[in-house]
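data.pdb follows (PDB, C-alpha atoms):
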ATOM      1  CA  MET A  19     -59.491 -91.189  19.630  1.00  0.00           C
ATOM      2  CA  ALA A  20     -58.533 -88.859  22.423  1.00  0.00           C
ATOM      3  CA  PHE A  21     -55.821 -86.262  22.063  1.00  0.00           C
ATOM      4  CA  THR A  22     -52.825 -87.399  24.145  1.00  0.00           C
ATOM      5  CA  ALA A  23     -49.916 -85.466  25.598  1.00  0.00           C
ATOM      6  CA  THR A  24     -47.466 -86.853  23.034  1.00  0.00           C
ATOM      7  CA  ASP A  25     -49.552 -85.902  19.989  1.00  0.00           C
ATOM      8  CA  PRO A  26     -48.048 -82.387  19.628  1.00  0.00           C
ATOM      9  CA  ILE A  27     -44.559 -83.904  19.549  1.00  0.00           C
ATOM     10  CA  LYS A  28     -45.643 -86.426  16.920  1.00  0.00           C
ATOM     11  CA  MET A  29     -47.171 -83.606  14.860  1.00  0.00           C
ATOM     12  CA  ILE A  30     -43.896 -81.673  14.939  1.00  0.00           C
ATOM     13  CA  PHE A  31     -42.090 -84.770  13.678  1.00  0.00           C
ATOM     14  CA  ALA A  32     -44.837 -85.228  11.064  1.00  0.00           C
ATOM     15  CA  VAL A  33     -44.075 -81.793   9.616  1.00  0.00           C
ATOM     16  CA  ILE A  34     -40.294 -82.277   9.659  1.00  0.00           C
ATOM     17  CA  LEU A  35     -40.240 -85.925   8.510  1.00  0.00           C
ATOM     18  CA  PRO A  36     -43.711 -87.439   8.011  1.00  0.00           C
ATOM     19  CA  PRO A  37     -42.777 -91.151   8.218  1.00  0.00           C
ATOM     20  CA  LEU A  38     -41.162 -90.551  11.600  1.00  0.00           C
ATOM     21  CA  GLY A  39     -44.365 -89.117  13.039  1.00  0.00           C
ATOM     22  CA  VAL A  40     -46.328 -92.090  11.713  1.00  0.00           C
ATOM     23  CA  PHE A  41     -43.736 -94.528  13.053  1.00  0.00           C
ATOM     24  CA  PHE A  42     -44.082 -93.072  16.547  1.00  0.00           C
ATOM     25  CA  GLU A  43     -47.845 -93.592  16.311  1.00  0.00           C
ATOM     26  CA  VAL A  44     -48.219 -97.053  14.716  1.00  0.00           C
ATOM     27  CA  GLY A  45     -44.748 -98.587  14.308  1.00  0.00           C
ATOM     28  CA  PHE A  46     -43.779-100.605  11.220  1.00  0.00           C
ATOM     29  CA  LYS A  47     -47.342-101.278  10.094  1.00  0.00           C
ATOM     30  CA  GLY A  48     -49.082-100.549   6.793  1.00  0.00           C
ATOM     31  CA  HIS A  49     -49.636 -96.857   7.485  1.00  0.00           C
ATOM     32  CA  PHE A  50     -45.890 -96.359   7.922  1.00  0.00           C
ATOM     33  CA  TRP A  51     -45.051 -97.872   4.542  1.00  0.00           C
ATOM     34  CA  LEU A  52     -47.892 -96.020   2.834  1.00  0.00           C
ATOM     35  CA  ASN A  53     -46.598 -92.784   4.311  1.00  0.00           C
ATOM     36  CA  ILE A  54     -43.107 -93.437   2.955  1.00  0.00           C
ATOM     37  CA  ILE A  55     -44.572 -93.891  -0.535  1.00  0.00           C
ATOM     38  CA  LEU A  56     -46.715 -90.758  -0.220  1.00  0.00           C
ATOM     39  CA  THR A  57     -43.738 -88.744   1.016  1.00  0.00           C
ATOM     40  CA  LEU A  58     -41.664 -89.913  -1.949  1.00  0.00           C
ATOM     41  CA  PHE A  59     -44.422 -88.828  -4.349  1.00  0.00           C
ATOM     42  CA  GLY A  60     -44.714 -85.460  -2.673  1.00  0.00           C
ATOM     43  CA  PHE A  61     -43.911 -84.041   0.705  1.00  0.00           C
ATOM     44  CA  VAL A  62     -47.370 -82.508   1.265  1.00  0.00           C
ATOM     45  CA  PRO A  63     -49.327 -85.782   0.779  1.00  0.00           C
ATOM     46  CA  GLY A  64     -47.001 -87.403   3.324  1.00  0.00           C
ATOM     47  CA  ILE A  65     -47.686 -84.637   5.848  1.00  0.00           C
ATOM     48  CA  ILE A  66     -51.458 -84.835   5.321  1.00  0.00           C
ATOM     49  CA  HIS A  67     -51.431 -88.610   5.769  1.00  0.00           C
ATOM     50  CA  ALA A  68     -49.229 -88.327   8.872  1.00  0.00           C
ATOM     51  CA  PHE A  69     -51.647 -85.880  10.495  1.00  0.00           C
ATOM     52  CA  TYR A  70     -54.542 -88.182   9.569  1.00  0.00           C
ATOM     53  CA  VAL A  71     -52.871 -91.187  11.193  1.00  0.00           C
ATOM     54  CA  ILE A  72     -51.836 -89.288  14.330  1.00  0.00           C
ATOM     55  CA  LEU A  73     -55.282 -87.792  14.860  1.00  0.00           C
ATOM     56  CA  LYS A  74     -57.128 -91.022  13.964  1.00  0.00           C
ATOM     57  CA  HIS A  75     -55.233 -93.435  16.258  1.00  0.00           C
TER      58      HIS A  75
END

Is it possible to express this structure as structure tokens?
Amino acid sequence: MAFTATDPIKMIFAVILPPLGVFFEVGFKGHFWLNIILTLFGFVPGIIHAFYVILKH
């Protein structure tokens, strides 16, 4: 999808707290819950998934 004006803000939140960045992008959908699990397993997988979701949607 196209890069929007709010994407840089979401990316900053994705680095600080990955589920928050995903929540701002998709809400309480499956990607949000998957990102919480990935963040609990390791912070870096949560960040990678958050960037994927933000750039994909």

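When only C-alpha atoms are used to measure the gap to His49 in chain A, the shortest distance among A:Ile72, A:Asp25, A:Ala20, A:Leu35 belongs to A:Ile72.
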
Just want the 10 Å neighbourhood of Phe31 in chain A, counted on all atoms listed in the file, with same-chain residues fewer than 4 positions away dropped. Output as number ranges by chain. A: 25-27, 35-42, 65, 68

Save the residues we just selected, C-alpha atoms, as an mmCIF file, in the coordinates of the input?
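Generated file (part-v1.cif):
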data_model
loop_
_atom_site.group_PDB
_atom_site.id
_atom_site.type_symbol
_atom_site.label_atom_id
_atom_site.label_comp_id
_atom_site.auth_asym_id
_atom_site.auth_seq_id
_atom_site.Cartn_x
_atom_site.Cartn_y
_atom_site.Cartn_z
ATOM 1 C CA ASP A 25 -49.552 -85.902 19.989
ATOM 2 C CA PRO A 26 -48.048 -82.387 19.628
ATOM 3 C CA ILE A 27 -44.559 -83.904 19.549
ATOM 4 C CA LEU A 35 -40.240 -85.925 8.510
ATOM 5 C CA PRO A 36 -43.711 -87.439 8.011
ATOM 6 C CA PRO A 37 -42.777 -91.151 8.218
ATOM 7 C CA LEU A 38 -41.162 -90.551 11.600
ATOM 8 C CA GLY A 39 -44.365 -89.117 13.039
ATOM 9 C CA VAL A 40 -46.328 -92.090 11.713
ATOM 10 C CA PHE A 41 -43.736 -94.528 13.053
ATOM 11 C CA PHE A 42 -44.082 -93.072 16.547
ATOM 12 C CA ILE A 65 -47.686 -84.637 5.848
ATOM 13 C CA ALA A 68 -49.229 -88.327 8.872
#

Record the distance separating CA of Lys74 in chain A and CA of Glu43 in chain A, expressed in Å with one decimal. 9.9 Å

What does the distance between CA of Gly45 in chain A and CA of Ile66 in chain A come to in Å, to one decimal place? 17.7 Å

Could you tell me which of A:Ala23, A:Leu58, A:Met29, A:Ile34 comes closest to Leu73 in chain A if we count all atoms listed in the file?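 Smallest distance to Leu73 in chain A is found for A:Met29.
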
Closest of A:Ile30, A:His75, A:Thr22, A:His67 to Ile55 in chain A - atom-to-atom distances counting only C-alpha atoms: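 Looking only at the distances to Ile55 in chain A, the closest residue turns out to be A:His67.
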
Of the candidates A:Gly60, A:Val71, A:Val33, A:Lys28, which shows the shortest atom-to-atom distance to Gly48 in chain A, using only C-alpha atoms?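 Under the stated criterion, the closest residue is A:Val71.
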
Rounded to one decimal in Å, what is the spacing between CA of Phe69 in chain A and CA of Ala32 in chain A?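 Taking CA of Phe69 in chain A and CA of Ala32 in chain A, their separation equals 6.9 Å.
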
Kindly complete range 32-56 of chain A to N, CA and C atoms; the output should be written as a CSV table (one decimal), in the coordinates of the input.
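Below is the file part29.csv, written as the result:
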chain,number,residue,atom,x,y,z
A,32,ALA,N,-44.1,-85.0,12.3
A,32,ALA,CA,-44.8,-85.2,11.1
A,32,ALA,C,-44.6,-84.1,10.1
A,33,VAL,N,-44.4,-82.9,10.5
A,33,VAL,CA,-44.1,-81.8,9.6
A,33,VAL,C,-42.6,-81.9,9.1
A,34,ILE,N,-41.7,-82.2,10.0
A,34,ILE,CA,-40.3,-82.3,9.7
A,34,ILE,C,-40.0,-83.5,8.8
A,35,LEU,N,-40.5,-84.7,9.2
A,35,LEU,CA,-40.2,-85.9,8.5
A,35,LEU,C,-41.5,-86.8,8.7
A,36,PRO,N,-42.4,-86.8,7.8
A,36,PRO,CA,-43.7,-87.4,8.0
A,36,PRO,C,-43.6,-88.9,8.4
A,37,PRO,N,-42.8,-89.7,7.8
A,37,PRO,CA,-42.8,-91.2,8.2
A,37,PRO,C,-42.4,-91.3,9.7
A,38,LEU,N,-41.6,-90.4,10.2
A,38,LEU,CA,-41.2,-90.6,11.6
A,38,LEU,C,-42.3,-90.3,12.5
A,39,GLY,N,-43.2,-89.3,12.2
A,39,GLY,CA,-44.4,-89.1,13.0
A,39,GLY,C,-45.3,-90.3,13.0
A,40,VAL,N,-45.5,-90.9,11.8
A,40,VAL,CA,-46.3,-92.1,11.7
A,40,VAL,C,-45.7,-93.3,12.4
A,41,PHE,N,-44.4,-93.4,12.4
A,41,PHE,CA,-43.7,-94.5,13.1
A,41,PHE,C,-44.0,-94.4,14.6
A,42,PHE,N,-43.9,-93.2,15.1
A,42,PHE,CA,-44.1,-93.1,16.5
A,42,PHE,C,-45.5,-93.4,16.9
A,43,GLU,N,-46.4,-93.3,16.0
A,43,GLU,CA,-47.8,-93.6,16.3
A,43,GLU,C,-48.2,-95.1,16.1
A,44,VAL,N,-47.8,-95.7,15.0
A,44,VAL,CA,-48.2,-97.1,14.7
A,44,VAL,C,-47.1,-98.1,14.6
A,45,GLY,N,-45.9,-97.7,14.5
A,45,GLY,CA,-44.7,-98.6,14.3
A,45,GLY,C,-44.6,-99.0,12.8
A,46,PHE,N,-44.0,-100.1,12.6
A,46,PHE,CA,-43.8,-100.6,11.2
A,46,PHE,C,-45.0,-101.3,10.6
A,47,LYS,N,-46.1,-100.7,10.7
A,47,LYS,CA,-47.3,-101.3,10.1
A,47,LYS,C,-47.6,-100.7,8.7
A,48,GLY,N,-48.7,-101.0,8.1
A,48,GLY,CA,-49.1,-100.5,6.8
A,48,GLY,C,-49.1,-99.0,6.6
A,49,HIS,N,-49.6,-98.3,7.6
A,49,HIS,CA,-49.6,-96.9,7.5
A,49,HIS,C,-48.2,-96.3,7.3
A,50,PHE,N,-47.3,-96.8,8.0
A,50,PHE,CA,-45.9,-96.4,7.9
A,50,PHE,C,-45.4,-96.5,6.5
A,51,TRP,N,-45.6,-97.6,5.9
A,51,TRP,CA,-45.1,-97.9,4.5
A,51,TRP,C,-45.8,-97.0,3.5
A,52,LEU,N,-47.1,-96.9,3.7
A,52,LEU,CA,-47.9,-96.0,2.8
A,52,LEU,C,-47.4,-94.6,2.9
A,53,ASN,N,-47.1,-94.1,4.1
A,53,ASN,CA,-46.6,-92.8,4.3
A,53,ASN,C,-45.2,-92.6,3.6
A,54,ILE,N,-44.4,-93.6,3.7
A,54,ILE,CA,-43.1,-93.4,3.0
A,54,ILE,C,-43.4,-93.2,1.5
A,55,ILE,N,-44.3,-94.0,0.9
A,55,ILE,CA,-44.6,-93.9,-0.5
A,55,ILE,C,-45.2,-92.5,-0.8
A,56,LEU,N,-46.1,-92.1,0.0
A,56,LEU,CA,-46.7,-90.8,-0.2
A,56,LEU,C,-45.7,-89.6,-0.1
